[in-house]
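Visitor: Next comes the structure file target12.tsv, holding TSV, C-alpha atoms.
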chain	number	residue	atom	x	y	z
A	1	MET	CA	-16.59	70.59	2.62
A	2	THR	CA	-16.55	74.25	1.63
A	3	PHE	CA	-19.13	76.77	2.80
A	4	GLU	CA	-20.53	76.93	-0.73
A	5	ALA	CA	-20.96	73.16	-0.95
A	6	LEU	CA	-22.55	72.92	2.49
A	7	THR	CA	-25.10	75.65	1.79
A	8	ALA	CA	-25.86	74.77	-1.85
A	9	PRO	CA	-28.69	72.29	-1.01
A	10	TYR	CA	-30.60	75.02	0.86
A	11	ARG	CA	-30.27	77.95	-1.51
A	12	ARG	CA	-33.43	77.30	-3.54
A	13	GLU	CA	-35.66	76.99	-0.50
A	14	LEU	CA	-34.03	80.01	1.14
A	15	LEU	CA	-34.77	82.00	-2.03
A	16	GLN	CA	-38.42	80.95	-1.77
A	17	HIS	CA	-38.44	81.96	1.90
A	18	CYS	CA	-37.07	85.41	1.06
A	19	TYR	CA	-39.67	85.72	-1.70
A	20	ARG	CA	-42.51	84.94	0.71
A	21	MET	CA	-41.22	87.73	2.91
A	22	ALA	CA	-40.52	90.28	0.16
A	23	GLY	CA	-43.07	89.57	-2.60
A	24	SER	CA	-40.42	90.20	-5.27
A	25	ILE	CA	-38.13	87.76	-7.06
A	26	HIS	CA	-35.48	90.46	-7.47
A	27	ASP	CA	-35.61	91.50	-3.80
A	28	ALA	CA	-35.52	87.82	-2.83
A	29	GLU	CA	-32.34	87.27	-4.84
A	30	ASP	CA	-30.69	90.25	-3.14
A	31	LEU	CA	-31.86	89.04	0.29
A	32	LEU	CA	-30.50	85.56	-0.37
A	33	GLN	CA	-27.09	86.98	-1.30
A	34	GLU	CA	-27.03	89.10	1.86
A	35	THR	CA	-28.05	86.03	3.89
A	36	LEU	CA	-25.17	84.00	2.48
A	37	ILE	CA	-22.70	86.82	3.11
A	38	ARG	CA	-23.82	87.07	6.74
A	39	ALA	CA	-23.71	83.29	7.13
A	40	TRP	CA	-20.20	83.07	5.64
A	41	ARG	CA	-18.93	85.77	7.99
A	42	ALA	CA	-20.41	83.97	11.01
A	43	PHE	CA	-19.66	80.42	9.91
A	44	ASP	CA	-16.71	79.97	12.28
A	45	ARG	CA	-19.18	80.50	15.15
A	46	TYR	CA	-21.78	78.01	13.90
A	47	ASP	CA	-22.42	75.23	16.45
A	48	GLU	CA	-24.08	72.18	14.93
A	49	SER	CA	-24.94	70.88	18.41
A	50	ARG	CA	-27.32	73.82	18.89
A	51	ALA	CA	-29.10	73.88	15.52
A	52	SER	CA	-28.99	72.16	12.15
A	53	LEU	CA	-27.33	74.08	9.34
A	54	ARG	CA	-30.74	74.47	7.65
A	55	THR	CA	-32.31	75.97	10.77
A	56	TRP	CA	-29.31	78.25	11.31
A	57	LEU	CA	-29.53	79.53	7.74
A	58	TYR	CA	-33.28	80.16	8.04
A	59	ARG	CA	-32.68	82.20	11.18
A	60	ILE	CA	-30.16	84.36	9.36
A	61	ALA	CA	-32.40	84.68	6.29
A	62	THR	CA	-35.43	85.69	8.34
A	63	ASN	CA	-33.56	88.32	10.31
A	64	THR	CA	-31.91	89.60	7.12
A	65	CYS	CA	-35.36	90.05	5.61
A	66	LEU	CA	-36.67	91.83	8.70
A	67	THR	CA	-33.74	94.24	8.69
A	68	GLU	CA	-33.83	94.96	4.97
A	69	LEU	CA	-37.63	95.28	4.75
A	70	GLU	CA	-37.93	97.65	7.71
A	71	GLY	CA	-39.65	100.83	6.60
A	72	ARG	CA	-40.42	99.57	3.10
A	73	SER	CA	-43.93	99.80	1.72
A	74	ARG	CA	-45.76	96.59	0.93
A	75	ARG	CA	-45.89	95.20	-2.61
A	76	PRO	CA	-49.56	95.17	-3.69
A	77	LEU	CA	-51.57	93.91	-6.61
A	78	PRO	CA	-54.08	96.36	-8.13
A	79	SER	CA	-57.07	94.72	-6.42
A	80	GLY	CA	-55.42	95.32	-3.05
A	81	LEU	CA	-54.70	98.97	-3.76
A	82	VAL	CA	-57.51	100.64	-5.71
A	83	ALA	CA	-61.22	100.18	-6.41
A	84	GLU	CA	-62.37	98.04	-9.34
A	85	GLY	CA	-62.36	99.74	-12.72
A	86	GLU	CA	-65.65	100.71	-14.33
A	87	ASP	CA	-64.88	100.49	-18.05
A	88	PRO	CA	-62.88	97.58	-19.53
A	89	ALA	CA	-62.77	99.48	-22.83
A	90	GLY	CA	-61.29	102.60	-21.22
A	91	PRO	CA	-57.64	103.68	-21.11
A	92	LEU	CA	-55.13	101.85	-18.93
A	93	VAL	CA	-53.56	103.86	-16.11
A	94	ARG	CA	-49.92	103.00	-15.34
A	95	GLY	CA	-48.61	102.92	-11.80
A	96	ASP	CA	-44.88	102.98	-12.42
A	97	GLU	CA	-44.31	104.61	-9.04
A	98	VAL	CA	-45.66	101.50	-7.26
A	99	LEU	CA	-43.45	98.57	-6.30
A	100	TRP	CA	-45.80	95.84	-7.47
A	101	LEU	CA	-45.97	92.25	-6.29
A	102	GLN	CA	-44.08	89.95	-8.65
A	103	PRO	CA	-44.61	86.30	-9.61
A	104	PHE	CA	-42.01	83.64	-8.82
A	105	PRO	CA	-40.75	81.13	-11.43
A	106	ALA	CA	-41.60	77.87	-9.69
A	107	ASP	CA	-43.55	74.75	-10.57
A	108	PRO	CA	-45.20	72.67	-7.79
A	109	ALA	CA	-42.34	70.14	-7.72
A	110	ALA	CA	-39.86	72.90	-6.90
A	111	VAL	CA	-41.90	74.46	-4.09
A	112	VAL	CA	-40.38	73.77	-0.67
A	113	GLY	CA	-42.77	73.95	2.27
A	114	ALA	CA	-46.51	73.65	2.75
A	115	LYS	CA	-48.67	73.04	-0.29
A	116	GLY	CA	-49.81	76.31	-1.79
A	117	SER	CA	-47.25	78.34	0.16
A	118	LEU	CA	-46.13	80.24	-2.95
A	119	ARG	CA	-49.53	80.94	-4.48
A	120	LEU	CA	-49.85	84.54	-5.52
A	121	ALA	CA	-53.01	85.10	-3.48
A	122	LEU	CA	-51.20	84.08	-0.29
A	123	ILE	CA	-48.13	86.18	-1.13
A	124	ALA	CA	-50.43	89.16	-1.76
A	125	ALA	CA	-52.22	88.55	1.56
A	126	LEU	CA	-48.90	88.30	3.43
A	127	GLN	CA	-48.04	91.79	2.19
A	128	PHE	CA	-50.80	93.17	4.43
A	129	LEU	CA	-48.94	91.96	7.53
A	130	PRO	CA	-46.17	93.81	9.36
A	131	ALA	CA	-42.85	92.16	8.54
A	132	LYS	CA	-42.43	90.46	11.93
A	133	GLN	CA	-45.96	89.01	11.85
A	134	ARG	CA	-45.24	87.86	8.31
A	135	ALA	CA	-42.09	86.10	9.50
A	136	VAL	CA	-43.85	84.41	12.43
A	137	LEU	CA	-46.66	83.15	10.20
A	138	ILE	CA	-44.31	81.78	7.55
A	139	LEU	CA	-42.06	80.05	10.07
A	140	ARG	CA	-45.08	78.45	11.75
A	141	GLU	CA	-47.35	77.62	8.82
A	142	VAL	CA	-44.80	76.87	6.09
A	143	LEU	CA	-41.78	75.55	7.99
A	144	ASP	CA	-43.75	74.10	10.92
A	145	TRP	CA	-41.48	75.60	13.56
A	146	SER	CA	-42.65	75.59	17.16
A	147	ALA	CA	-43.34	78.79	19.08
A	148	ALA	CA	-40.14	78.17	21.07
A	149	GLU	CA	-38.06	77.80	17.88
A	150	ILE	CA	-39.54	80.97	16.38
A	151	ALA	CA	-38.97	82.85	19.64
A	152	ALA	CA	-35.30	81.85	19.67
A	153	ALA	CA	-34.84	82.86	16.03
A	154	LEU	CA	-36.51	86.27	16.36
A	155	ASP	CA	-35.48	87.16	19.92
A	156	LEU	CA	-39.06	87.04	21.18
A	157	THR	CA	-40.87	85.21	23.96
A	158	PRO	CA	-43.09	82.24	23.05
A	159	ALA	CA	-46.07	84.26	24.33
A	160	ALA	CA	-45.17	87.11	21.96
A	161	VAL	CA	-44.88	84.63	19.10
A	162	ASN	CA	-48.33	83.18	19.80
A	163	SER	CA	-49.82	86.65	20.04
A	164	ALA	CA	-48.25	87.70	16.73
A	165	LEU	CA	-49.43	84.49	15.12
A	166	GLN	CA	-53.00	85.08	16.29
A	167	ARG	CA	-53.02	88.63	14.93
A	168	ALA	CA	-51.47	87.52	11.64
A	169	ARG	CA	-54.05	84.79	11.09
A	170	ALA	CA	-56.88	87.21	11.85
A	171	LYS	CA	-55.52	89.81	9.43
A	172	LEU	CA	-54.99	87.19	6.74
A	173	SER	CA	-58.61	86.13	7.10
A	174	GLU	CA	-59.77	89.75	6.82
A	175	THR	CA	-58.01	90.27	3.49
A	176	GLY	CA	-60.20	87.65	1.80
A	177	LEU	CA	-57.35	86.97	-0.62
A	178	VAL	CA	-56.40	83.42	0.31
A	179	GLU	CA	-57.82	81.02	-2.27
A	180	ASP	CA	-59.14	77.52	-1.61
A	181	ASP	CA	-60.02	74.65	-3.95
A	182	VAL	CA	-57.27	75.60	-6.40
A	183	LEU	CA	-56.33	72.92	-8.91
A	184	GLU	CA	-52.68	71.99	-9.38
A	185	PRO	CA	-51.18	72.65	-12.84
A	186	ASP	CA	-50.98	68.92	-13.62
A	187	ASP	CA	-54.65	68.31	-12.81
A	188	PRO	CA	-56.42	67.16	-16.01
A	189	ARG	CA	-59.06	69.88	-15.69
A	190	SER	CA	-56.36	72.54	-15.27
A	191	THR	CA	-54.39	71.22	-18.23
A	192	GLU	CA	-57.54	71.23	-20.38
A	193	LEU	CA	-58.46	74.82	-19.49
A	194	VAL	CA	-54.96	76.16	-20.17
A	195	ALA	CA	-54.80	74.38	-23.53
A	196	LYS	CA	-58.17	75.83	-24.54
A	197	TYR	CA	-57.14	79.30	-23.34
A	198	ILE	CA	-53.99	79.13	-25.46
A	199	THR	CA	-55.99	78.08	-28.50
A	200	ALA	CA	-58.53	80.86	-27.95
A	201	PHE	CA	-55.77	83.46	-27.62
A	202	GLU	CA	-53.87	82.32	-30.69
A	203	ARG	CA	-57.10	82.41	-32.71
A	204	ALA	CA	-58.09	85.75	-31.19
A	205	ASP	CA	-61.46	84.10	-30.50
A	206	VAL	CA	-63.18	86.16	-27.80
A	207	ALA	CA	-66.26	83.94	-27.64
A	208	ALA	CA	-64.11	80.88	-26.88
A	209	PHE	CA	-62.89	82.46	-23.62
A	210	ALA	CA	-66.40	82.56	-22.17
A	211	GLU	CA	-66.61	78.86	-21.29
A	212	LEU	CA	-63.18	78.93	-19.62
A	213	LEU	CA	-63.85	81.70	-17.09
A	214	THR	CA	-65.88	81.65	-13.89
A	215	ALA	CA	-68.74	84.13	-13.58
A	216	GLU	CA	-66.81	86.24	-11.04
A	217	VAL	CA	-63.35	85.95	-12.61
A	218	VAL	CA	-60.91	88.71	-11.61
A	219	LEU	CA	-58.49	90.28	-14.09
A	220	GLU	CA	-55.62	92.49	-12.89
A	221	MET	CA	-52.60	93.75	-14.77
A	222	PRO	CA	-49.70	95.35	-12.92
A	223	PRO	CA	-48.10	97.82	-13.60
A	224	PHE	CA	-51.56	99.16	-14.49
A	225	TYR	CA	-54.00	100.17	-11.77
A	226	ASN	CA	-57.01	98.92	-13.74
A	227	TRP	CA	-58.62	95.69	-12.62
A	228	PHE	CA	-62.00	94.15	-13.35
A	229	GLN	CA	-64.29	91.45	-12.05
A	230	GLY	CA	-66.80	89.34	-13.94
A	231	ARG	CA	-66.77	87.28	-17.12
A	232	ASP	CA	-68.33	89.99	-19.28
A	233	ASN	CA	-65.74	92.55	-18.21
A	234	HIS	CA	-62.92	90.11	-18.91
A	235	LEU	CA	-64.29	89.39	-22.39
A	236	ARG	CA	-64.74	93.08	-23.18
A	237	PHE	CA	-61.16	93.75	-22.16
A	238	VAL	CA	-59.78	90.91	-24.28
A	239	GLU	CA	-61.86	92.11	-27.22
A	240	GLY	CA	-60.26	95.53	-26.84
A	241	VAL	CA	-56.77	94.02	-26.74
A	242	PHE	CA	-57.34	92.22	-30.04
A	243	ALA	CA	-58.80	95.38	-31.57
A	244	ARG	CA	-55.80	97.48	-30.51
A	245	ARG	CA	-52.97	94.97	-30.78
A	246	GLY	CA	-54.01	92.81	-33.70
A	247	MET	CA	-54.98	89.18	-34.20
A	248	ASP	CA	-51.55	87.54	-34.51
A	249	TRP	CA	-50.42	85.87	-31.28
A	250	ARG	CA	-48.30	82.99	-30.05
A	251	VAL	CA	-48.73	81.61	-26.54
A	252	LEU	CA	-46.49	79.32	-24.49
A	253	PRO	CA	-47.45	77.52	-21.25
A	254	ILE	CA	-45.44	78.41	-18.14
A	255	GLU	CA	-45.67	77.77	-14.41
A	256	ALA	CA	-45.33	80.37	-11.66
A	257	ASN	CA	-45.83	80.21	-7.91
A	258	GLY	CA	-46.86	76.57	-8.29
A	259	GLN	CA	-49.70	77.68	-10.59
A	260	ALA	CA	-50.39	77.33	-14.30
A	261	GLY	CA	-49.85	80.27	-16.59
A	262	ILE	CA	-48.87	81.45	-20.06
A	263	ALA	CA	-46.38	83.71	-21.81
A	264	VAL	CA	-48.00	85.73	-24.59
A	265	TYR	CA	-46.17	86.95	-27.70
A	266	ARG	CA	-47.62	89.55	-30.06
A	267	GLY	CA	-47.03	89.36	-33.80
A	268	GLU	CA	-44.95	92.21	-35.21
A	269	GLY	CA	-44.15	91.61	-38.85
A	270	ALA	CA	-41.94	88.55	-39.19
A	271	VAL	CA	-41.47	88.03	-35.44
A	272	HIS	CA	-43.51	87.66	-32.27
A	273	ARG	CA	-42.46	89.92	-29.40
A	274	LEU	CA	-42.99	89.12	-25.72
A	275	HIS	CA	-46.08	90.96	-24.52
A	276	THR	CA	-47.33	89.66	-21.16
A	277	LEU	CA	-47.05	86.86	-18.61
A	278	HIS	CA	-50.29	85.49	-17.13
A	279	VAL	CA	-50.65	83.53	-13.89
A	280	PHE	CA	-53.98	81.70	-13.49
A	281	THR	CA	-55.95	80.59	-10.48
A	282	ILE	CA	-57.88	77.56	-11.70
A	283	THR	CA	-60.75	75.80	-9.94
A	284	ALA	CA	-63.04	73.03	-11.09
A	285	ALA	CA	-65.47	75.73	-12.25
A	286	GLY	CA	-62.88	77.44	-14.46
A	287	ILE	CA	-60.29	80.21	-14.36
A	288	SER	CA	-61.23	82.38	-11.40
A	289	HIS	CA	-58.32	84.81	-11.42
A	290	ASN	CA	-55.95	86.02	-14.14
A	291	ARG	CA	-52.98	88.12	-13.03
A	292	VAL	CA	-51.23	89.62	-16.03
A	293	PHE	CA	-47.70	91.02	-15.72
A	294	GLN	CA	-45.92	93.33	-18.15
A	295	ASP	CA	-42.49	93.81	-16.63
A	296	ASP	CA	-39.13	93.25	-18.31
A	297	GLY	CA	-37.58	92.26	-15.00
A	298	VAL	CA	-40.22	89.58	-14.49
A	299	PHE	CA	-39.75	88.33	-18.04
A	300	ALA	CA	-36.00	88.01	-17.43
A	301	ALA	CA	-36.54	86.14	-14.15
A	302	PHE	CA	-38.60	83.56	-16.04
A	303	GLY	CA	-35.96	83.23	-18.73
A	304	LEU	CA	-38.41	84.14	-21.48
A	305	ALA	CA	-37.02	84.94	-24.92
A	306	PRO	CA	-37.91	88.54	-25.87
A	307	VAL	CA	-38.63	87.49	-29.45
A	308	LEU	CA	-39.84	84.28	-31.10
What does this structure look like when you write it as structure tokens?
Guide:
Amino acid sequence: MTFEALTAPYRRELLQHCYRMAGSIHDAEDLLQETLIRAWRAFDRYDESRASLRTWLYRIATNTCLTELEGRSRRPLPSGLVAEGEDPAGPLVRGDEVLWLQPFPADPAAVVGAKGSLRLALIAALQFLPAKQRAVLILREVLDWSAAEIAAALDLTPAAVNSALQRARAKLSETGLVEDDVLEPDDPRSTELVAKYITAFERADVAAFAELLTAEVVLEMPPFYNWFQGRDNHLRFVEGVFARRGMDWRVLPIEANGQAGIAVYRGEGAVHRLHTLHVFTITAAGISHNRVFQDDGVFAAFGLAPVL
């Protein structure tokens, strides 16, 4: 078999691995290509008696990520970078100079690794870790590698791996970003809430959003610094959007990071133009987090038509 045929079954999961490390779909694609180039150049030295092809590729991918990410700043979300906004009706402040965290176009069935390993909250929390701690945590918690396997892959001692893992888990806990009790997109409650959210948006019915949101719901909107917490703030912001942008909307369901979401199109004359992509965190109590992206690169990664 050719190198391409042998590695094809692993490319999707390697892309997800690079995304967990980088927090960007575009960076992950570049890292995957660099991984495959390095693997192809070294393929004549691959020894299947020492490691499976999958393990060998993950070693190369992880070290490629560590090399390429060295010295780069982390990719944040607004809530991990600035204080909460005070006025949902105030002007939005763009942060085009920031390399923001990006969503990943994946439904739960396509996620390789531990359940919830692509959720945006976890990816955001991972960004607070130094790259090597990030790698150790992902290899242990997502891929279930032993300390000895991680040590061999990263040229560390097992003791150093365990120490890095302990520090990474402690830091992850400190961020407070990891979310529990999240419903899967195919859960009936999740499906119901998304359908009602779509209806409310297409009717520009602000009052209808109230029953769908938790009391402490968080709204953040990269590339804008502004973010808000609380149902009332969310409703005030949505009310302002309808006042500024009109009442004509079309909304399509999507999935990202193994979570439910929507693509929102704004009416402009005879067409509807792509406006934003939303990724929801949904619990039994309602939508607890809404991350809204307005980025042409993200839109392209999701294959969204610019106009309906």
Visitor: When you look at stretch 224-238 of chain A with a cut-off of 9 Å (counting all atoms listed in the file), what residues show up, excluding the ones that are within fewer than 5 positions of it in the same chain? I need them as an NGL selection string.
Guide: :A and (77-79 or 81-96 or 204 or 206-207 or 209-210 or 213-219 or 243 or 289 or 294)
Visitor: Export C-alpha atoms of the chosen residues as a PDB file, in the coordinates of the input?
Guide:
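Just written: again-v2.pdb:
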ATOM      1  CA  LEU A  77     -51.570  93.910  -6.610  1.00  0.00           C
ATOM      2  CA  PRO A  78     -54.080  96.360  -8.130  1.00  0.00           C
ATOM      3  CA  SER A  79     -57.070  94.720  -6.420  1.00  0.00           C
ATOM      4  CA  LEU A  81     -54.700  98.970  -3.760  1.00  0.00           C
ATOM      5  CA  VAL A  82     -57.510 100.640  -5.710  1.00  0.00           C
ATOM      6  CA  ALA A  83     -61.220 100.180  -6.410  1.00  0.00           C
ATOM      7  CA  GLU A  84     -62.370  98.040  -9.340  1.00  0.00           C
ATOM      8  CA  GLY A  85     -62.360  99.740 -12.720  1.00  0.00           C
ATOM      9  CA  GLU A  86     -65.650 100.710 -14.330  1.00  0.00           C
ATOM     10  CA  ASP A  87     -64.880 100.490 -18.050  1.00  0.00           C
ATOM     11  CA  PRO A  88     -62.880  97.580 -19.530  1.00  0.00           C
ATOM     12  CA  ALA A  89     -62.770  99.480 -22.830  1.00  0.00           C
ATOM     13  CA  GLY A  90     -61.290 102.600 -21.220  1.00  0.00           C
ATOM     14  CA  PRO A  91     -57.640 103.680 -21.110  1.00  0.00           C
ATOM     15  CA  LEU A  92     -55.130 101.850 -18.930  1.00  0.00           C
ATOM     16  CA  VAL A  93     -53.560 103.860 -16.110  1.00  0.00           C
ATOM     17  CA  ARG A  94     -49.920 103.000 -15.340  1.00  0.00           C
ATOM     18  CA  GLY A  95     -48.610 102.920 -11.800  1.00  0.00           C
ATOM     19  CA  ASP A  96     -44.880 102.980 -12.420  1.00  0.00           C
ATOM     20  CA  ALA A 204     -58.090  85.750 -31.190  1.00  0.00           C
ATOM     21  CA  VAL A 206     -63.180  86.160 -27.800  1.00  0.00           C
ATOM     22  CA  ALA A 207     -66.260  83.940 -27.640  1.00  0.00           C
ATOM     23  CA  PHE A 209     -62.890  82.460 -23.620  1.00  0.00           C
ATOM     24  CA  ALA A 210     -66.400  82.560 -22.170  1.00  0.00           C
ATOM     25  CA  LEU A 213     -63.850  81.700 -17.090  1.00  0.00           C
ATOM     26  CA  THR A 214     -65.880  81.650 -13.890  1.00  0.00           C
ATOM     27  CA  ALA A 215     -68.740  84.130 -13.580  1.00  0.00           C
ATOM     28  CA  GLU A 216     -66.810  86.240 -11.040  1.00  0.00           C
ATOM     29  CA  VAL A 217     -63.350  85.950 -12.610  1.00  0.00           C
ATOM     30  CA  VAL A 218     -60.910  88.710 -11.610  1.00  0.00           C
ATOM     31  CA  LEU A 219     -58.490  90.280 -14.090  1.00  0.00           C
ATOM     32  CA  ALA A 243     -58.800  95.380 -31.570  1.00  0.00           C
ATOM     33  CA  HIS A 289     -58.320  84.810 -11.420  1.00  0.00           C
ATOM     34  CA  GLN A 294     -45.920  93.330 -18.150  1.00  0.00           C
TER      35      GLN A 294
END
Visitor: Which residues are near A:Ala300? Cut-off 12 Å, only C-alpha atoms, ignore same chain within fewer than 3 positions. Put them as a JSON list (two decimals) with C-alpha atoms, keeping the file's coordinate frame.
Guide:
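Below you can see part23.json, which holds the result:
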[["chain", "number", "residue", "atom", "x", "y", "z"],
["A", 25, "ILE", "CA", -38.13, 87.76, -7.06],
["A", 26, "HIS", "CA", -35.48, 90.46, -7.47],
["A", 103, "PRO", "CA", -44.61, 86.30, -9.61],
["A", 104, "PHE", "CA", -42.01, 83.64, -8.82],
["A", 105, "PRO", "CA", -40.75, 81.13, -11.43],
["A", 274, "LEU", "CA", -42.99, 89.12, -25.72],
["A", 277, "LEU", "CA", -47.05, 86.86, -18.61],
["A", 294, "GLN", "CA", -45.92, 93.33, -18.15],
["A", 295, "ASP", "CA", -42.49, 93.81, -16.63],
["A", 296, "ASP", "CA", -39.13, 93.25, -18.31],
["A", 297, "GLY", "CA", -37.58, 92.26, -15.00],
["A", 303, "GLY", "CA", -35.96, 83.23, -18.73],
["A", 304, "LEU", "CA", -38.41, 84.14, -21.48],
["A", 305, "ALA", "CA", -37.02, 84.94, -24.92],
["A", 306, "PRO", "CA", -37.91, 88.54, -25.87]]
Visitor: Quick one: everything within 10 Å of A:Thr191, counting all atoms listed in the file, minus sequence neighbours fewer than 5 positions away in the same chain. Send it as a PDB file with C-alpha atoms, in the coordinates of the input.
Guide:
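part.pdb written:
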ATOM      1  CA  LEU A 183     -56.330  72.920  -8.910  1.00  0.00           C
ATOM      2  CA  GLU A 184     -52.680  71.990  -9.380  1.00  0.00           C
ATOM      3  CA  PRO A 185     -51.180  72.650 -12.840  1.00  0.00           C
ATOM      4  CA  ASP A 186     -50.980  68.920 -13.620  1.00  0.00           C
ATOM      5  CA  LYS A 196     -58.170  75.830 -24.540  1.00  0.00           C
ATOM      6  CA  TYR A 197     -57.140  79.300 -23.340  1.00  0.00           C
ATOM      7  CA  PRO A 253     -47.450  77.520 -21.250  1.00  0.00           C
ATOM      8  CA  ALA A 260     -50.390  77.330 -14.300  1.00  0.00           C
ATOM      9  CA  ILE A 282     -57.880  77.560 -11.700  1.00  0.00           C
TER      10      ILE A 282
END
Visitor: Would you work out the distance separating atom CA of A:Glu13 from atom CA of A:Gly113, expressed in Å to one decimal?
Guide: 8.2 Å
Visitor: Residues near A:Ala114, anyone? I mean within 8 Å using all atoms listed in the file, not counting same-chain ones fewer than 6 positions away, as a list in words.
Guide: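 Counting all atoms listed in the file, the residues come to Glu141, Val142 and Leu143 of chain A.
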Visitor: What does the distance between atom CA of A:His278 and atom CA of A:Arg189 come to in Å, to one decimal place?
Guide: 18.0 Å
Visitor: Let me make sure I understand: among A:Leu172, A:Leu6, A:Ala110, A:Ala42, which one has the smallest atom-to-atom distance to A:Leu126 if we use all atoms listed in the file?
Guide: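 Answer, going by the shortest atom-to-atom distance: A:Leu172.
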Visitor: Which value, in Å to one decimal, gives the distance between atom CA of A:Val264 and atom CA of A:Arg74?
Guide: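 Taking atom CA of A:Val264 as the start and atom CA of A:Arg74 as the end point, the length is 27.8 Å.
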Visitor: If we count only C-alpha atoms, what is near A:Leu156 at a cut-off of 12 Å, once residues fewer than 6 positions away on the same chain are taken out, given as a list in words?
Guide: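 The filter keeps Lys132, Gln133, Val136, Ala147, Ala148, Glu149, Ile150, Asn162, Ser163 and Ala164 of chain A.
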Visitor: Point out the residue among A:Arg20, A:Arg140, A:His275, A:Arg54 with the least atom-to-atom distance to A:Arg250, counting only C-alpha atoms.
Guide: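 Residue with the minimum atom-to-atom distance to A:Arg250: A:His275.
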Visitor: Which of these, A:Leu69, A:Leu14, A:Leu120, A:Ala195, has the shortest distance to A:Glu179 once you count only C-alpha atoms?
Guide: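 Counting only C-alpha atoms, the residue closest to A:Glu179 is A:Leu120.
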Visitor: Rank A:Cys65, A:Val111, A:Glu29, A:Ile198 by their smallest atom-to-atom distance to A:Ala135, using all atoms listed in the file, and report the top residue only.
Guide: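 That would be A:Cys65, the residue with the smallest distance to A:Ala135.
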Visitor: Nearest to A:Val112 among A:Ala160, A:Leu137, A:Leu15, A:Ala125, with distances taken over only C-alpha atoms: which residue is it?
Guide: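 Using only C-alpha atoms, A:Val112 sits closest to A:Leu15.
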Visitor: Which of these residues is nearest to A:Ile37, using all atoms listed in the file: A:Gln16, A:Thr64, A:Trp56, A:Gly286?
Guide: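 Ranking A:Gln16, A:Thr64, A:Trp56, A:Gly286 by distance to A:Ile37, first place goes to A:Thr64.
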